[in-house]
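These notes concern the structure reproduced below.
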Amino acid sequence: MASSNLDWQTDDKREHPAPLTLENVHVSYATRRGKVRAVRGVTVDLHAGESLALIGESGSGKSTLGLAIVRLLPETAEVVPGVITYRRDGREIDVLKLKPNEMREFRWSDCAMVFQAALNAFNPVLKVWAQALDTAKAHGWSDKDAVRKRLVELLEFVQLDPKRVIDAYPHELSGGMRQRVLLALSLLLNPQVLILDEPTTALDIITQRTIIKLLRELKEDQHFTMIFISHDLAIAAELADRVATMYAGRIVELGTSEDIFYRPRHPYTLGLIRAVPTVSGGFEQLFSIPGSPPDLVELPPGCKFHPRCAFASERCKQEEPELVEVGPNHTAACWNWIQVEDELKRNPLHRGALNVLDTAVVSEEIA
Amino acid sequence: MAPIIEVRNLTKQFGKGAEMVTAVDSVSFAIEPGETVCLVGESGCGKSTTGRMVAGLLEATSGEVIFEGKNIKQLDSAAFRRYRQTVQIIHQDPYSSLNPTQTIRQIITAPLLRHNKVKGKSAAEARALELLEVVDLTPARDVIDKYPHQLSGGQRQRVAVARALTVDPKFIVADEAVSMVDVSIRVSILTMLARLKKEFDVTFLFITHDLALAKYFAWQGRITVMYLGRIVEDGPTQRLITDPRHPYTQALLSAVPEADPELAHHKREIELRDAEIPSLLALPRGCTFHPRCPYFVAGQCDVAVPPLEALPEGGRVACPVRMGERISLLV
C-alpha cells in the first residue's frame with residue numbers, strides 16, 4: 001500500500017488527548033406534530049486513533065448525532081443544550097460556536113463526513129477532478145498541480161486507477177468505486193476525524209469487503225480516528241474498537257466491541273445481537289425484539305425501551321436510567337443489567353471464533 | 001415427489017442490439033412441495049428476474065416454467081388462473097406494494113371477493129381478520145381500518161403476506177421480503193413465514209442478497225447461488241455454507257461481514273483478480289467469473305461455459321477446476 005508519501009501522522013495517536021468530546025448533546029427537530037427529540041443527552045469521548053461504531057435502528061438518533069458533529073443538520077434542527085469540543089495539535093474548538101466560515105474550514109480539514117455512496121453525494125455534472133478542485137478551492141487551496149498530485153495519491157490509496165477515475169462523471173462509476181472516491185475526497189484535506197454514515201450499505205457483498213479492508217487499513221496503518229454509523233451490527237464487529245448502542249436518542253450501552261458482542265448488559269443490545277445471524281458461526285435460534293421503536297414526539301416515560309423489554313420492572317416505567325459502569329470501560333443504562341448478565345449465564349450467546357458452524361447441532365425451530 | 005415448480009433453461013433478455021443484456025441465462029432447477037429454496041447473489045445476478053418469471057409476472061425469452069408438470073404457457077385459462085393463485089410473490093418494498101389510498105380492509109377483502117374465496121362482505125371481513133391474526137397483526141380489529149402509512153414497515157410487510165394468503169397459495173416467491181425491515185423485527189417475519197410453511201404447506205422461493213439470512217431461513221433447505229445470470233452452485237444449505245466449492249460462492253461467503261468480532265477477524269481473505277463485477281453488456285467468454293477468479297486456468301475457463309455438475313456431497317457446481325477441492329472459510 002502506497003501510504004508513506006501521504007504525509008499523514010502515522011504514529012500511534014492513542015496517547016493523545018481525545019480529538020472529540022460530546023457533552024450532554026441534545027438535538028431536536030421542529031415538526032408540525034411537535035418536537036422530535038432525536039438525540040437526548042449524549043456524552044462520549046472519542047479517543048485518538050480509535051474507531052467507534054454507533055449502532056441502532058432507524059430513528060435511534062445515530063445519523064442525527066453524526067450530522068450534528070459536522071453541523072450539517074437541516075434548519076429545523078436545534079442543538080440545545082450540548083457541547084462538542086474538538087482538539088487538534090493543542091487547539092481546542094467549541095464546534096457549536098464556530099462561525100459559518102470557520103465551520104467550513106473545520107468540516108473538511110478537521111472532521112470529514114463520508115456519506116452513503118449514493119449518486120446524490122456528488123454533483124452530477126462535475127467530474128471527479130472538478131469535485132476535488134472545488135473542495136480544495138473552497139478551503140483556500142488553489143495550487144492545481146498540488147491538488148492533482150494529492151488526489152492521484154489518494155485515488156491510488158483507495159485502489160482506484162486515477163487515470164480512469166479522475167475524468168469520470170459520478171454516474172460512470174460503480175457503487176463501490178463511488179464509495180472509494182468519496183473516501184478519497186474526504187481525505188483530501190488531511191482531516192483528523194472521519195465520520196462514516198452507513199459506509200457499506202447498499203453495496204454488494206464483495207464490494208463491501210473491499211471497503212472494509214480499506215477502512216481497516218486507514219484505522220490500523222494510518223491511525224485515523226473514526227466514527228462509523230450503521231444499522232448493520234456486522235460493520236461494528238468488523239471495524240470498531242468500541243461500540244455505542246443507541247436507542248431513542250440516547251447511548252444505552254458503550255463498551256469494547258467484545259463487551260458489546262459477547263457480554264452485552266443492556267436488553268436492547270442483547271436483543272439486537274440475538275436478532276442477527278452470522279454466516280460462519282454455528283446455527284443459532286434467533287429472536288426478534290417485540291414491538292417497534294418509540295414515537296420520538298411522544299416518548300414513553302421512564303426507560304424508553306421498557307415497552308419492548310423482557311426485563312422491565314416497575315422502576316423502568318418511571319425513571320430513565322443513566323449509564324452506569326457494568327465492567328471495566330463498559331457502561332449500560334439499565335436498572336436491571338444484572339438480570340441481563342444472569343440471563344446470559346443461563347442462555348449463553350453462541351458467539352466467537354471457536355463457536356464455528358457445526359452441522360451436527362441443528363435447531364428444528366425454523367425448519 | 002413431483003416438483004411444484006420447475007424451470008428449464010429459463011432465459012430472459014432485455015433490450016436489443018448492442019444494448020441487449022441477458023439477465024438470466026439458461027437457468028434450470030426444480031422445487032418440491034414443502035422445500036425451502038433460497039436464491040442468493042449480488043445485484044444484477046438475475047435472482048429477482050428469475051423470481052418474477054417463476055411467479056408469472058415476467059415472460060421468459062426462452063425456456064420453460066413448469067407448474068405441477070405443465071408448461072405455464074400451455075395451460076388453459078382455468079389452469080392458468082389456478083397457477084396465478086397458487087404462486088404468489090411478496091415484494092421487497094412494502095411502501096410501494098400496497099395501495100396508499102386503500103385501508104387494510106380493502107386491500108385484504110378485494111382479492112377474497114374477486115376470487116370467490118368467500119361469499120359476502122361480512123364473511124370477507126371475518127376471513128380478513130383471521131388472516132391478519134395469522135401474520136401476527138394482533139389485535140386484527142385495531143389494524144383492519146388503518147391505511148398503509150399508519151403502519152410500520154414490518155407491519156406493512158405482514159399485510160402484504162396476508163394479502164398473498166387470501167388466494168390460498170402453495171408457493172410463495174419472497175423477493176427480499178425483509179430487506180427493508182428493521183433488524184430487530186426481521187426475525188419475527190421470518191419466523192412467521194416459517195410457520196406458514198408448516199401450517200399452510202407453503203413452499204418458499206426466498207430471494208435475498210443476505211447470505212446470513214438465507215442460511216437461517218433455509219437451514220433445512222437449499223441455497224442456489226447466481227452470478228451474472230447463471231447458477232454457479234446449489235445444494236443443501238448446510239453443505240453449501242460449510243463446504244462451498246465454486247470459487248464465487250467461496251468469495252461471497254468469505255466476504256460477508258460477520259456480526260461477531262472474532263469471526264470477523266478470522267475469516268479467510270480471498271483475493272480476487274479484479275474487484276469490479278463485469279457489465280452485463282460485455283460479459284466475459286466462458287465462465288463469467290474467470291476474470292476475477294483466483295483459480296483461473298487460461299485456455300479452459302475463458303473458453304467454454306462450465307456445466308453444472310452434480311457433487312457427491314449434494315447439489316451442483318459449475319466449476320470443473322475446483323469442484324473437488326475443499327477450503328476452510330476461517331483461518
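If you're wondering about the labels, chains in the C-alpha cells are A, B, ... by order shown, residues count from 1 in each chain, ligands from 1 in order shown.
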
Should the cut-off be 6 Å, what would the residue list for chain A against chain B look like, counting only C-alpha atoms, as JSON, numbers by chain? {"A": [204, 205, 206, 209, 233, 234, 237, 238, 272, 275, 277, 278, 279, 288, 289, 352, 353, 367]}

For the selection you just gave me, I'd like the residues written to a file as a PDB file, in the first residue's frame, keeping N, CA and C atoms.
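Below you can see again-v3.pdb, which holds the result:
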```pdb
ATOM      1  N   ASP A 204     -22.736  -4.207  -2.882  1.00  0.00           N
ATOM      2  CA  ASP A 204     -22.705  -5.656  -2.949  1.00  0.00           C
ATOM      3  C   ASP A 204     -21.668  -6.213  -1.987  1.00  0.00           C
ATOM      4  N   ILE A 205     -21.863  -7.497  -1.661  1.00  0.00           N
ATOM      5  CA  ILE A 205     -21.057  -8.113  -0.594  1.00  0.00           C
ATOM      6  C   ILE A 205     -19.551  -8.017  -0.859  1.00  0.00           C
ATOM      7  N   ILE A 206     -19.151  -8.360  -2.075  1.00  0.00           N
ATOM      8  CA  ILE A 206     -17.709  -8.367  -2.358  1.00  0.00           C
ATOM      9  C   ILE A 206     -17.154  -6.939  -2.346  1.00  0.00           C
ATOM     10  N   ARG A 209     -16.630  -5.844   1.174  1.00  0.00           N
ATOM     11  CA  ARG A 209     -15.386  -6.363   1.734  1.00  0.00           C
ATOM     12  C   ARG A 209     -14.203  -5.477   1.338  1.00  0.00           C
ATOM     13  N   LEU A 233     -24.954  -4.495  12.419  1.00  0.00           N
ATOM     14  CA  LEU A 233     -24.064  -4.889  13.508  1.00  0.00           C
ATOM     15  C   LEU A 233     -22.740  -5.419  12.976  1.00  0.00           C
ATOM     16  N   ALA A 234     -22.784  -6.045  11.788  1.00  0.00           N
ATOM     17  CA  ALA A 234     -21.577  -6.647  11.239  1.00  0.00           C
ATOM     18  C   ALA A 234     -20.503  -5.584  10.977  1.00  0.00           C
ATOM     19  N   ALA A 237     -18.803  -5.042  14.181  1.00  0.00           N
ATOM     20  CA  ALA A 237     -17.942  -6.172  14.538  1.00  0.00           C
ATOM     21  C   ALA A 237     -16.677  -6.186  13.694  1.00  0.00           C
ATOM     22  N   GLU A 238     -16.797  -5.777  12.446  1.00  0.00           N
ATOM     23  CA  GLU A 238     -15.659  -5.805  11.534  1.00  0.00           C
ATOM     24  C   GLU A 238     -14.678  -4.667  11.810  1.00  0.00           C
ATOM     25  N   LEU A 272     -30.651  -6.981  19.905  1.00  0.00           N
ATOM     26  CA  LEU A 272     -30.106  -6.808  18.549  1.00  0.00           C
ATOM     27  C   LEU A 272     -29.207  -7.985  18.182  1.00  0.00           C
ATOM     28  N   ALA A 275     -30.925 -11.060  17.291  1.00  0.00           N
ATOM     29  CA  ALA A 275     -31.774 -10.954  16.099  1.00  0.00           C
ATOM     30  C   ALA A 275     -30.973 -11.095  14.819  1.00  0.00           C
ATOM     31  N   PRO A 277     -28.209 -13.074  12.414  1.00  0.00           N
ATOM     32  CA  PRO A 277     -27.458 -14.310  12.196  1.00  0.00           C
ATOM     33  C   PRO A 277     -26.045 -14.039  11.681  1.00  0.00           C
ATOM     34  N   THR A 278     -25.162 -15.004  11.875  1.00  0.00           N
ATOM     35  CA  THR A 278     -23.849 -14.946  11.237  1.00  0.00           C
ATOM     36  C   THR A 278     -23.847 -16.001  10.136  1.00  0.00           C
ATOM     37  N   VAL A 279     -22.859 -15.931   9.266  1.00  0.00           N
ATOM     38  CA  VAL A 279     -22.767 -16.943   8.219  1.00  0.00           C
ATOM     39  C   VAL A 279     -21.871 -18.090   8.663  1.00  0.00           C
ATOM     40  N   SER A 288     -36.679 -11.932  17.646  1.00  0.00           N
ATOM     41  CA  SER A 288     -36.926 -10.522  17.376  1.00  0.00           C
ATOM     42  C   SER A 288     -37.126  -9.775  18.676  1.00  0.00           C
ATOM     43  N   ILE A 289     -37.008  -8.464  18.581  1.00  0.00           N
ATOM     44  CA  ILE A 289     -37.422  -7.633  19.705  1.00  0.00           C
ATOM     45  C   ILE A 289     -38.888  -7.301  19.470  1.00  0.00           C
ATOM     46  N   GLY A 352     -18.260 -16.145  18.863  1.00  0.00           N
ATOM     47  CA  GLY A 352     -16.817 -16.264  18.968  1.00  0.00           C
ATOM     48  C   GLY A 352     -16.291 -17.248  17.944  1.00  0.00           C
ATOM     49  N   ALA A 353     -15.023 -17.112  17.606  1.00  0.00           N
ATOM     50  CA  ALA A 353     -14.438 -17.896  16.517  1.00  0.00           C
ATOM     51  C   ALA A 353     -14.403 -19.380  16.838  1.00  0.00           C
ATOM     52  N   ALA A 367     -37.151 -24.941  10.901  1.00  0.00           N
ATOM     53  CA  ALA A 367     -37.244 -25.870   9.767  1.00  0.00           C
ATOM     54  C   ALA A 367     -38.669 -26.035   9.265  1.00  0.00           C
TER      55      ALA A 367
END
```

Do a neighbour search on Val80 of chain A at 9 Å with only C-alpha atoms, toss out local chain neighbours closer than 4 positions, and write the hits as a list in words.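 Skipping anything fewer than 4 positions along the chain leaves Val25, His26, Val27 and Ser28 of chain A.
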
Name the residues of segment 131-284 of chain B that come out as strand (DSSP E or B) in a backbone DSSP run; write them as a list in words.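 For segment 131-284 of chain B, the strand (DSSP E or B) set is Phe171, Ile172, Val173, Ala174, Asp175, Thr203, Phe204, Leu205, Phe206, Ile207, Thr208, Arg222, Ile223, Thr224, Val225, Met226, Tyr227, Arg230, Ile231, Val232, Glu233, Asp234, Gly235, Pro236 and Lys267 of chain B.
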
Test item: residues at most 10 Å from Lys213 of chain A, only C-alpha atoms, excluding those fewer than 3 positions along its chain, as a PyMOL selection string: (chain A and resi 158+207-210+216-219+238-239) or (chain B and resi 269)

For Met1 of chain B: contacts at 10 Å, only C-alpha atoms, fewer than 4 positions along chain excluded, given as a short mmCIF file (atom, residue, chain, number, x, y, z; two decimals) with C-alpha atoms, in the first residue's frame:
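Ended up saving to around05.cif:
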```cif
data_model
loop_
_atom_site.label_atom_id
_atom_site.label_comp_id
_atom_site.auth_asym_id
_atom_site.auth_seq_id
_atom_site.Cartn_x
_atom_site.Cartn_y
_atom_site.Cartn_z
CA ILE B 31 -38.51 -27.23 -6.24
CA GLU B 32 -40.53 -29.90 -4.48
CA PRO B 33 -43.55 -29.19 -2.31
#
```

Spatial neighbours of segment 125-132 of chain A, 6 Å, only C-alpha atoms, chain gap at least 3 places, as a compact mmCIF listing (two decimals) with all heavy atoms, in the first residue's frame:
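Now in selection.txt:
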```
# COMPACT_ATOMS: atom_id res chain seq x y z
N THR A 135 -13.58 21.45 -3.90
CA THR A 135 -13.41 21.27 -2.47
C THR A 135 -12.14 21.97 -2.00
O THR A 135 -12.15 22.73 -1.03
CB THR A 135 -13.29 19.77 -2.14
OG1 THR A 135 -14.41 19.11 -2.71
CG2 THR A 135 -13.25 19.53 -0.65
N ILE A 166 -10.30 9.94 -12.64
CA ILE A 166 -10.18 11.38 -12.39
C ILE A 166 -11.04 12.21 -13.36
O ILE A 166 -11.59 13.23 -12.98
CB ILE A 166 -8.68 11.78 -12.42
CG1 ILE A 166 -8.41 12.89 -11.43
CG2 ILE A 166 -8.21 12.14 -13.81
CD1 ILE A 166 -6.94 13.02 -11.06
N ASP A 167 -11.19 11.72 -14.58
CA ASP A 167 -12.02 12.46 -15.54
C ASP A 167 -13.38 11.80 -15.77
O ASP A 167 -14.01 11.98 -16.81
CB ASP A 167 -11.27 12.61 -16.87
CG ASP A 167 -10.15 13.64 -16.74
OD1 ASP A 167 -10.39 14.71 -16.14
OD2 ASP A 167 -9.03 13.34 -17.18
N ALA A 168 -13.82 11.02 -14.80
CA ALA A 168 -15.13 10.36 -14.94
C ALA A 168 -16.19 11.17 -14.22
O ALA A 168 -15.92 11.86 -13.23
CB ALA A 168 -15.05 8.95 -14.36
N TYR A 169 -17.42 11.09 -14.74
CA TYR A 169 -18.56 11.65 -14.03
C TYR A 169 -19.05 10.61 -13.01
O TYR A 169 -18.87 9.41 -13.23
CB TYR A 169 -19.69 11.97 -15.01
CG TYR A 169 -19.40 13.17 -15.88
CD1 TYR A 169 -18.97 13.01 -17.20
CD2 TYR A 169 -19.57 14.46 -15.37
CE1 TYR A 169 -18.69 14.12 -17.99
CE2 TYR A 169 -19.30 15.56 -16.16
CZ TYR A 169 -18.86 15.40 -17.47
OH TYR A 169 -18.59 16.48 -18.23
```

If we count only C-alpha atoms, what is near Pro74 of chain A at a cut-off of 12 Å, once residues fewer than 2 positions away on the same chain are taken out, given as a PDB file with all heavy atoms, in the first residue's frame?
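Done, and the output landed in part_39.pdb:
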```pdb
ATOM      1  N   VAL A  27     -30.415  17.013  20.330  1.00  0.00           N
ATOM      2  CA  VAL A  27     -30.852  17.548  19.032  1.00  0.00           C
ATOM      3  C   VAL A  27     -32.346  17.303  18.909  1.00  0.00           C
ATOM      4  O   VAL A  27     -32.836  16.195  19.162  1.00  0.00           O
ATOM      5  CB  VAL A  27     -30.148  16.855  17.838  1.00  0.00           C
ATOM      6  CG1 VAL A  27     -30.577  17.505  16.527  1.00  0.00           C
ATOM      7  CG2 VAL A  27     -28.630  16.892  17.991  1.00  0.00           C
ATOM      8  N   SER A  28     -33.066  18.356  18.529  1.00  0.00           N
ATOM      9  CA  SER A  28     -34.489  18.144  18.256  1.00  0.00           C
ATOM     10  C   SER A  28     -34.850  18.796  16.932  1.00  0.00           C
ATOM     11  O   SER A  28     -34.208  19.743  16.483  1.00  0.00           O
ATOM     12  CB  SER A  28     -35.343  18.712  19.392  1.00  0.00           C
ATOM     13  OG  SER A  28     -35.038  20.076  19.570  1.00  0.00           O
ATOM     14  N   TYR A  29     -35.859  18.246  16.295  1.00  0.00           N
ATOM     15  CA  TYR A  29     -36.368  18.791  15.036  1.00  0.00           C
ATOM     16  C   TYR A  29     -37.753  19.365  15.303  1.00  0.00           C
ATOM     17  O   TYR A  29     -38.573  18.718  15.958  1.00  0.00           O
ATOM     18  CB  TYR A  29     -36.521  17.694  13.990  1.00  0.00           C
ATOM     19  CG  TYR A  29     -35.231  17.038  13.545  1.00  0.00           C
ATOM     20  CD1 TYR A  29     -34.836  15.822  14.077  1.00  0.00           C
ATOM     21  CD2 TYR A  29     -34.427  17.629  12.577  1.00  0.00           C
ATOM     22  CE1 TYR A  29     -33.665  15.202  13.665  1.00  0.00           C
ATOM     23  CE2 TYR A  29     -33.257  17.019  12.162  1.00  0.00           C
ATOM     24  CZ  TYR A  29     -32.877  15.805  12.705  1.00  0.00           C
ATOM     25  OH  TYR A  29     -31.719  15.191  12.290  1.00  0.00           O
ATOM     26  N   ALA A  30     -38.012  20.557  14.772  1.00  0.00           N
ATOM     27  CA  ALA A  30     -39.344  21.128  14.885  1.00  0.00           C
ATOM     28  C   ALA A  30     -40.207  20.560  13.765  1.00  0.00           C
ATOM     29  O   ALA A  30     -39.821  20.607  12.599  1.00  0.00           O
ATOM     30  CB  ALA A  30     -39.259  22.642  14.771  1.00  0.00           C
ATOM     31  N   THR A  31     -41.322  19.958  14.116  1.00  0.00           N
ATOM     32  CA  THR A  31     -42.251  19.472  13.099  1.00  0.00           C
ATOM     33  C   THR A  31     -43.650  19.949  13.457  1.00  0.00           C
ATOM     34  O   THR A  31     -43.870  20.471  14.554  1.00  0.00           O
ATOM     35  CB  THR A  31     -42.280  17.919  13.031  1.00  0.00           C
ATOM     36  OG1 THR A  31     -42.907  17.443  14.228  1.00  0.00           O
ATOM     37  CG2 THR A  31     -40.898  17.325  12.894  1.00  0.00           C
ATOM     38  N   THR A  64     -28.380  11.510  13.095  1.00  0.00           N
ATOM     39  CA  THR A  64     -28.532  12.892  13.567  1.00  0.00           C
ATOM     40  C   THR A  64     -27.305  13.304  14.374  1.00  0.00           C
ATOM     41  O   THR A  64     -26.779  14.402  14.203  1.00  0.00           O
ATOM     42  CB  THR A  64     -29.798  13.018  14.438  1.00  0.00           C
ATOM     43  OG1 THR A  64     -30.933  12.750  13.618  1.00  0.00           O
ATOM     44  CG2 THR A  64     -29.920  14.401  15.043  1.00  0.00           C
ATOM     45  N   LEU A  67     -24.452  14.004  12.016  1.00  0.00           N
ATOM     46  CA  LEU A  67     -24.641  15.282  11.320  1.00  0.00           C
ATOM     47  C   LEU A  67     -24.443  16.469  12.257  1.00  0.00           C
ATOM     48  O   LEU A  67     -23.988  17.536  11.844  1.00  0.00           O
ATOM     49  CB  LEU A  67     -26.042  15.337  10.699  1.00  0.00           C
ATOM     50  CG  LEU A  67     -26.289  14.375   9.537  1.00  0.00           C
ATOM     51  CD1 LEU A  67     -27.766  14.364   9.159  1.00  0.00           C
ATOM     52  CD2 LEU A  67     -25.444  14.754   8.322  1.00  0.00           C
ATOM     53  N   ALA A  68     -24.783  16.275  13.523  1.00  0.00           N
ATOM     54  CA  ALA A  68     -24.633  17.365  14.494  1.00  0.00           C
ATOM     55  C   ALA A  68     -23.157  17.718  14.677  1.00  0.00           C
ATOM     56  O   ALA A  68     -22.805  18.881  14.834  1.00  0.00           O
ATOM     57  CB  ALA A  68     -25.262  16.971  15.831  1.00  0.00           C
ATOM     58  N   VAL A  70     -20.742  17.609  12.510  1.00  0.00           N
ATOM     59  CA  VAL A  70     -20.239  18.462  11.422  1.00  0.00           C
ATOM     60  C   VAL A  70     -21.248  19.562  11.074  1.00  0.00           C
ATOM     61  O   VAL A  70     -21.112  20.248  10.066  1.00  0.00           O
ATOM     62  CB  VAL A  70     -19.894  17.631  10.162  1.00  0.00           C
ATOM     63  CG1 VAL A  70     -18.616  16.852  10.377  1.00  0.00           C
ATOM     64  CG2 VAL A  70     -21.019  16.707   9.768  1.00  0.00           C
ATOM     65  N   ARG A  71     -22.244  19.689  11.903  1.00  0.00           N
ATOM     66  CA  ARG A  71     -23.278  20.734  11.757  1.00  0.00           C
ATOM     67  C   ARG A  71     -23.865  20.786  10.355  1.00  0.00           C
ATOM     68  O   ARG A  71     -23.934  21.841   9.717  1.00  0.00           O
ATOM     69  CB  ARG A  71     -22.724  22.088  12.200  1.00  0.00           C
ATOM     70  CG  ARG A  71     -22.607  22.138  13.722  1.00  0.00           C
ATOM     71  CD  ARG A  71     -22.043  23.417  14.249  1.00  0.00           C
ATOM     72  NE  ARG A  71     -22.702  24.614  13.751  1.00  0.00           N
ATOM     73  CZ  ARG A  71     -22.208  25.831  13.918  1.00  0.00           C
ATOM     74  NH1 ARG A  71     -21.066  25.995  14.579  1.00  0.00           N
ATOM     75  NH2 ARG A  71     -22.844  26.871  13.448  1.00  0.00           N
ATOM     76  N   LEU A  72     -24.320  19.644   9.895  1.00  0.00           N
ATOM     77  CA  LEU A  72     -24.994  19.601   8.596  1.00  0.00           C
ATOM     78  C   LEU A  72     -26.472  19.290   8.775  1.00  0.00           C
ATOM     79  O   LEU A  72     -27.134  18.794   7.873  1.00  0.00           O
ATOM     80  CB  LEU A  72     -24.343  18.530   7.713  1.00  0.00           C
ATOM     81  CG  LEU A  72     -22.986  18.921   7.119  1.00  0.00           C
ATOM     82  CD1 LEU A  72     -22.365  17.748   6.380  1.00  0.00           C
ATOM     83  CD2 LEU A  72     -23.122  20.122   6.182  1.00  0.00           C
ATOM     84  N   THR A  76     -34.445  23.005  10.525  1.00  0.00           N
ATOM     85  CA  THR A  76     -35.461  22.749  11.539  1.00  0.00           C
ATOM     86  C   THR A  76     -34.868  22.117  12.788  1.00  0.00           C
ATOM     87  O   THR A  76     -35.564  21.916  13.769  1.00  0.00           O
ATOM     88  CB  THR A  76     -36.536  21.795  10.995  1.00  0.00           C
ATOM     89  OG1 THR A  76     -35.872  20.648  10.458  1.00  0.00           O
ATOM     90  CG2 THR A  76     -37.376  22.451   9.925  1.00  0.00           C
ATOM     91  N   ALA A  77     -33.571  21.801  12.714  1.00  0.00           N
ATOM     92  CA  ALA A  77     -32.955  21.130  13.864  1.00  0.00           C
ATOM     93  C   ALA A  77     -32.326  22.137  14.808  1.00  0.00           C
ATOM     94  O   ALA A  77     -31.867  23.201  14.399  1.00  0.00           O
ATOM     95  CB  ALA A  77     -31.900  20.151  13.388  1.00  0.00           C
ATOM     96  N   GLU A  78     -32.311  21.768  16.068  1.00  0.00           N
ATOM     97  CA  GLU A  78     -31.769  22.648  17.084  1.00  0.00           C
ATOM     98  C   GLU A  78     -30.866  21.800  17.979  1.00  0.00           C
ATOM     99  O   GLU A  78     -31.272  20.715  18.403  1.00  0.00           O
ATOM    100  CB  GLU A  78     -32.955  23.184  17.890  1.00  0.00           C
ATOM    101  CG  GLU A  78     -32.622  24.273  18.850  1.00  0.00           C
ATOM    102  CD  GLU A  78     -33.882  24.695  19.623  1.00  0.00           C
ATOM    103  OE1 GLU A  78     -34.649  23.827  20.058  1.00  0.00           O
ATOM    104  OE2 GLU A  78     -34.054  25.903  19.795  1.00  0.00           O
ATOM    105  N   VAL A  79     -29.645  22.278  18.210  1.00  0.00           N
ATOM    106  CA  VAL A  79     -28.738  21.527  19.075  1.00  0.00           C
ATOM    107  C   VAL A  79     -28.627  22.272  20.402  1.00  0.00           C
ATOM    108  O   VAL A  79     -27.758  23.118  20.580  1.00  0.00           O
ATOM    109  CB  VAL A  79     -27.344  21.362  18.431  1.00  0.00           C
ATOM    110  CG1 VAL A  79     -26.491  20.400  19.244  1.00  0.00           C
ATOM    111  CG2 VAL A  79     -27.467  20.853  17.004  1.00  0.00           C
TER     112      VAL A  79
END
```

Of the listed residues B:Leu10, B:Ile104, B:Ile66, B:Ile5, that which approaches Asp25 of chain B most closely, counting only C-alpha atoms: B:Leu10

Please give the complete set of residues from segment 22-268 of chain B that DSSP, run on the backbone, assigns to helix (DSSP H, G or I), formatted as a ChimeraX atom specification. /B:47-54,72-74,77-86,104-114,121-134,140-143,148-150,153-165,183-199,211-217,237-242,247-255,261-265

Which is closer to Arg164 of chain A than all the others in A:Thr269, A:Ser51, A:Ser186, A:Val152, using only C-alpha atoms?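 Residue with the minimum atom-to-atom distance to Arg164 of chain A: A:Val152.
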
Return the single residue from B:Glu19, B:Asp136, B:Asp168, B:Glu176 that is closest to Val87 of chain B, with distances computed using only C-alpha atoms.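 Looking at the shortest contact to Val87 of chain B, the residue is B:Asp168.
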
Hey, can you check how far atom CA of Asn347 of chain A sits from atom CA of Ala248 of chain A?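 Rounded to one decimal, the two atoms are 27.0 Å apart.
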
Contacts of Leu281 of chain B at 12 Å (only C-alpha atoms; same-chain gap of 4+ positions) as a PyMOL selection string: chain B and resi 13-23+44+228-229+277

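The gap separating atom CA of Asp243 of chain B from atom CA of Val305 of chain B is 22.8 Å, in Å to one decimal.
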
Residue nearest Met246 of chain A - candidates A:Pro267, A:Gly281, A:Pro328, A:Gly140, atoms counted: only C-alpha atoms: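 Of A:Pro267, A:Gly281, A:Pro328, A:Gly140, the one nearest Met246 of chain A, counting only C-alpha atoms, is A:Pro267.
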